[in-house]
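Accompanying notes for the structure given below.
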Amino acid sequence: MIQYEPIAALATAPGIGAIAVIRVSGEGAISITNRLFRGKDLTQQPSHTAHFGTLRTASDTLIDEVLVTVFRAPKSFTKEDVVEISCHGSEFIIQQILRRLTDEGVRLARPGEFTQRAFLNGQFDLVQAEAVADLIAADSDASHRAALTQLRGGFSKQLNVLRQQLIDFVALVELELDFGEEDVEFAHREQLRQLMLDIRRALHPLIDSFSAGNVIKNGVATVIVGKPNAGKSTLLNALLNEEKAIVSDIPGTTRDVIEDELFIDGIRFRLIDTAGLRQATDQIEAIGVERTRQQMEKAALVVYLFDGAAILPDELQQAVDEISASGKPYLLVGNKSDLIDAQRQQQLNVVVNEAILWISAKNQRIDDLKLALSARVRTDAAVQTGSAVVTNARHYEHLTATDDAIARALAGLDAGTTPDWLAMDLRVALQHLGELTGTIITDDILDSIFSKFCIGK
Ligand code: GDP
């Protein structure tokens with residue numbers, strides 16, 4: 001356990017609030033705060049106790065009445081001495097207190113520095129540290145659950161056990177190298193093979209969970225496409241329940257790309273509205289149509305919307321052909337169901353020979369579409385069960401790199417490769433597993449991970 005130099009930062013969100021919390025952590029955090037504090041002697045107070053008093057300027061004028069909570073190392077988040085100062089949530093008071101602390105030799109914390117110290121002091125591994133950031137950023141049921149699972153140790157505990165076993169084997173394989181010509185085998189090849197298979201069995205569900213994990217964290221990029229006047233803006237508004245896009249009777253007025261978010265069943269959809277799929281007729285539309293194609297490229301899910309009252313059967317068939325050729329998952333949505341009868345619906349259903357979802361955007365009759373949207377994503381088992389889900393691209397890269405290296409080692413083992421080649425592949429696997437959980441880590445990697453946090457975390 002190391003106590004680093006004292007740092008401080010506002011731990012609550014900036015801005016005006018009833019209460020703000022300033023966190024101080026590091027060597028001398030308690031005694032330094034005690035110098036500004038009028039009340040009990042904080043240096044004499046036990047851990048996990050809260051004390052009322054006042055904070056004063058150097059010239060002894062009152063800054064604020066505060067509640068100070070003392071946490072003694074190692075029983076704190078950072079495992080250092082920590083003080084949390086709850087003051088009134090005014091920007092002025094916060095700045096005064098921070099200035100007083102820096103005058104006394106406390107440094108302002110960098111983004112993520114509290115969590116970084118917690119990691120460096122062994123509070124948790126790197127995957128868990130990153131889950132702290134995800135947990136704070138979680139804005140849906142699914143992302144909250146995924147972050148919590150990770151914070152509790154999720155997959156990293158299991159991987160660390162397997163990594164330790166692999167380290168033992170690598171040591172044996174490398175010992176064989178020392179005996180060069182003598183053709184000895186210290187590492188039991190069949191056991192090694194079993195271990196490698198075990199590791200791959202542990203890795204695969206995690207690797208496979210990444211697409212679902214990505215959905216949880218970043219949302220499903222969903223694009224609504226269709227001809228001008230199909231009702232795309234109206235649908236977007238109905239979905240978002242507020243007027244965000246320009247709605248007009250003039251075809252082709254929705255020219256700007258509008259991106260918005262929507263939660264259905266705890267799943268985030270990032271909606272992108274576009275200028276439509278029809279052939280370009282003028283300059284601005286041309287950009288719009290090109291953008292539509294680009295956005296279909298970026299989208300994970302395409303909603304094709306058409307005007308059920310106006311569309312010609314051939315036109316519908318052509319559009320469906322075009323969209324299915326893109327290879328993207330799509331929903332076929334017929335709008336303005338209020339203007340047409342069941343017979344016409346049936347006729348169009350037959351033409352395209354696949355399910356059309358019928359809605360009336362204008363009348364907010366869009367429940368079937370919402371159900372279909374969430375059903376598309378919910379088929380992913382990981383989203384349902386809340387099992388360990390990989391949501392972080394860094395983790396995903398290390399997991400796949402580990403898997404690749406082990407696959408190579410397995411192939412080598414089958415081909416009767418020499419111990420030096422075997423050891424090399426296994427070393428690569430160990431390196432990636434170690435970087436994943438933070439057992440092996442460089443300052444550069446640490447800085448890049450924790451700088452993505454916000455200040456006070
Ligand atoms: P966009 O060009 O695809 O964005 O289409 P808009 O959302 O601007 O809608 C074009 C016109 O169709 C507007 O006059 C809307 O009021 C109308 N509209 C949209 N949805 C419906 C609907 O479900 N029923 C009816 N009757 N009209 C609709």
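As shown in the structure tokens, the chain order sets the letters A, B, ...; within each chain, residues go from 1, and ligands are also counted from 1 in the order they appear.
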
Give me, as a VMD selection string, all polymer residues having an atom no more than 10 Å from Leu433 of chain A, counting only C-alpha atoms and skipping those fewer than 3 positions away in the same chain.
chain A and resid 156 159 to 160 162 to 163 395 398 to 399 401 to 403 427 to 430 436 to 440

Set the distance at 12 Å and use only C-alpha atoms: which residues neighbour Asp447 of chain A once local chain neighbours fewer than 3 positions away are removed? I'd like the list as a count of residues only.
15

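If you measure from each of A:Thr57, A:Thr400, A:Ser360, A:Gln431 to Phe37 of chain A using only C-alpha atoms, the closest one turns out to be A:Thr57.
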
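Among the candidates A:Ile207, A:Ala405, A:Leu236, A:Ala319, the residue lying nearest to ligand 1 is A:Leu236 (atoms considered: only C-alpha atoms and all ligand atoms).
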
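Note that atom CA of Leu331 of chain A and atom 19 (C, counted along the ligand's line) of ligand 1 are 17.7 Å apart.
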
Report as a ChimeraX atom specification all protein, DNA and RNA residues lying within 12 Å of Arg365 of chain A, evaluated on only C-alpha atoms, omitting residues in the same chain fewer than 2 positions from it.
/A:234-235,238-239,334-338,357-363,367-371

Write out, as an mmCIF file, in the first residue's frame, the residues just selected, with C-alpha atoms.
```cif
data_model
loop_
_atom_site.group_PDB
_atom_site.id
_atom_site.type_symbol
_atom_site.label_atom_id
_atom_site.label_comp_id
_atom_site.auth_asym_id
_atom_site.auth_seq_id
_atom_site.Cartn_x
_atom_site.Cartn_y
_atom_site.Cartn_z
ATOM 1 C CA THR A 234 -43.253 12.459 -37.969
ATOM 2 C CA LEU A 235 -42.110 9.006 -36.893
ATOM 3 C CA ALA A 238 -43.517 10.231 -32.326
ATOM 4 C CA LEU A 239 -40.646 8.087 -31.103
ATOM 5 C CA GLY A 334 -45.746 0.842 -43.667
ATOM 6 C CA ASN A 335 -46.888 4.262 -42.500
ATOM 7 C CA LYS A 336 -50.239 6.071 -42.727
ATOM 8 C CA SER A 337 -52.205 2.958 -41.915
ATOM 9 C CA ASP A 338 -55.015 5.339 -40.981
ATOM 10 C CA LEU A 357 -45.198 -3.531 -39.651
ATOM 11 C CA TRP A 358 -48.123 -1.173 -40.025
ATOM 12 C CA ILE A 359 -48.066 2.079 -38.110
ATOM 13 C CA SER A 360 -49.577 5.520 -38.122
ATOM 14 C CA ALA A 361 -46.858 7.904 -37.099
ATOM 15 C CA LYS A 362 -49.151 10.898 -37.084
ATOM 16 C CA ASN A 363 -51.560 9.212 -34.674
ATOM 17 C CA ASP A 367 -46.235 0.403 -30.469
ATOM 18 C CA ASP A 368 -45.723 -2.536 -32.825
ATOM 19 C CA LEU A 369 -42.635 -0.856 -34.207
ATOM 20 C CA LYS A 370 -41.222 -0.275 -30.722
ATOM 21 C CA LEU A 371 -41.807 -3.914 -29.846
#
```

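If only C-alpha atoms and all ligand atoms are the atoms counted, then among A:Lys328, A:Lys227, A:Lys298, A:Arg268 the closest residue to ligand 1 is A:Lys227.
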
Quick one: pick out all alpha helix (DSSP H) residues within segment 43-232 of chain A from a backbone DSSP run and write them as number ranges by chain.
A: 91-103, 113-120, 126-137, 141-151, 154-178, 189-218, 232

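Checking A:Ala325, A:Leu305, A:Asp404, A:Leu332 one by one against ligand 1, counting only C-alpha atoms and all ligand atoms, you find the shortest gap at A:Leu305.
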
Can you tell me, as number ranges by chain, what residues are no more than 12 Å from Glu315 of chain A when counting only C-alpha atoms, ignoring any on the same chain fewer than 6 positions away?
A: 226-227, 277-278, 306-308, 321-322, 348, 351-352

Nearest to ligand 1 among A:Ala372, A:Leu339, A:Leu301, A:Ile356, with distances taken over only C-alpha atoms and all ligand atoms: which residue is it?
A:Leu339

For segment 11-20 of chain A, find every residue with an atom within 9 Å (counting only C-alpha atoms), except residues of its own chain fewer than 5 positions away, and show them as a PyMOL selection string.
chain A and resi 84-91+94+455-457

Fewer than 3 positions away in the same chain doesn't count, so skip those; otherwise give me all residues within 8 Å of segment 3-10 of chain A, counting only C-alpha atoms, as a PDB file with C-alpha atoms, in the first residue's frame.
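Output (around.pdb):
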```pdb
ATOM      1  CA  ALA A  13     -21.177  17.225 -10.571  1.00  0.00           C
ATOM      2  CA  PRO A  14     -20.100  20.810 -11.167  1.00  0.00           C
ATOM      3  CA  ALA A  20     -21.147  19.494  -3.061  1.00  0.00           C
ATOM      4  CA  VAL A  21     -18.541  16.959  -2.002  1.00  0.00           C
ATOM      5  CA  ILE A  22     -14.818  17.619  -2.264  1.00  0.00           C
ATOM      6  CA  ARG A  23     -12.638  14.581  -1.939  1.00  0.00           C
ATOM      7  CA  VAL A  24      -9.065  14.720  -0.624  1.00  0.00           C
ATOM      8  CA  SER A  25      -6.868  11.634  -0.797  1.00  0.00           C
ATOM      9  CA  GLY A  26      -3.257  10.821  -0.053  1.00  0.00           C
ATOM     10  CA  GLU A  27      -0.605  11.233   2.534  1.00  0.00           C
ATOM     11  CA  GLY A  28      -1.574  13.912   5.042  1.00  0.00           C
ATOM     12  CA  ALA A  29      -5.123  14.308   3.713  1.00  0.00           C
ATOM     13  CA  LYS A  79      -6.725   2.757   0.269  1.00  0.00           C
ATOM     14  CA  GLU A  80      -5.096   6.042   1.282  1.00  0.00           C
ATOM     15  CA  ASP A  81      -6.207   8.495   3.964  1.00  0.00           C
ATOM     16  CA  ILE A  94     -16.049  25.056  -3.841  1.00  0.00           C
ATOM     17  CA  LEU A  98     -10.027  23.971  -3.246  1.00  0.00           C
ATOM     18  CA  LEU A 101      -6.338  23.027   0.083  1.00  0.00           C
ATOM     19  CA  GLY A 105       0.157  21.716  -0.533  1.00  0.00           C
ATOM     20  CA  VAL A 106      -2.627  19.565  -1.943  1.00  0.00           C
ATOM     21  CA  ARG A 107      -2.553  19.113  -5.730  1.00  0.00           C
ATOM     22  CA  LEU A 108      -5.683  19.204  -7.901  1.00  0.00           C
ATOM     23  CA  ALA A 109      -6.446  15.681  -9.063  1.00  0.00           C
ATOM     24  CA  ILE A 455     -12.198  14.753 -12.676  1.00  0.00           C
ATOM     25  CA  GLY A 456     -13.099  13.694  -9.150  1.00  0.00           C
TER      26      GLY A 456
END
```

Min atom-atom distance to ligand 1 from the set A:Ala355, A:Asn237, A:Met424, A:Pro329, counting only C-alpha atoms and all ligand atoms, belongs to A:Asn237

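One distance worth recording is that between atom CA of Ser31 of chain A and atom CA of Phe119 of chain A, which is 24.1 Å.
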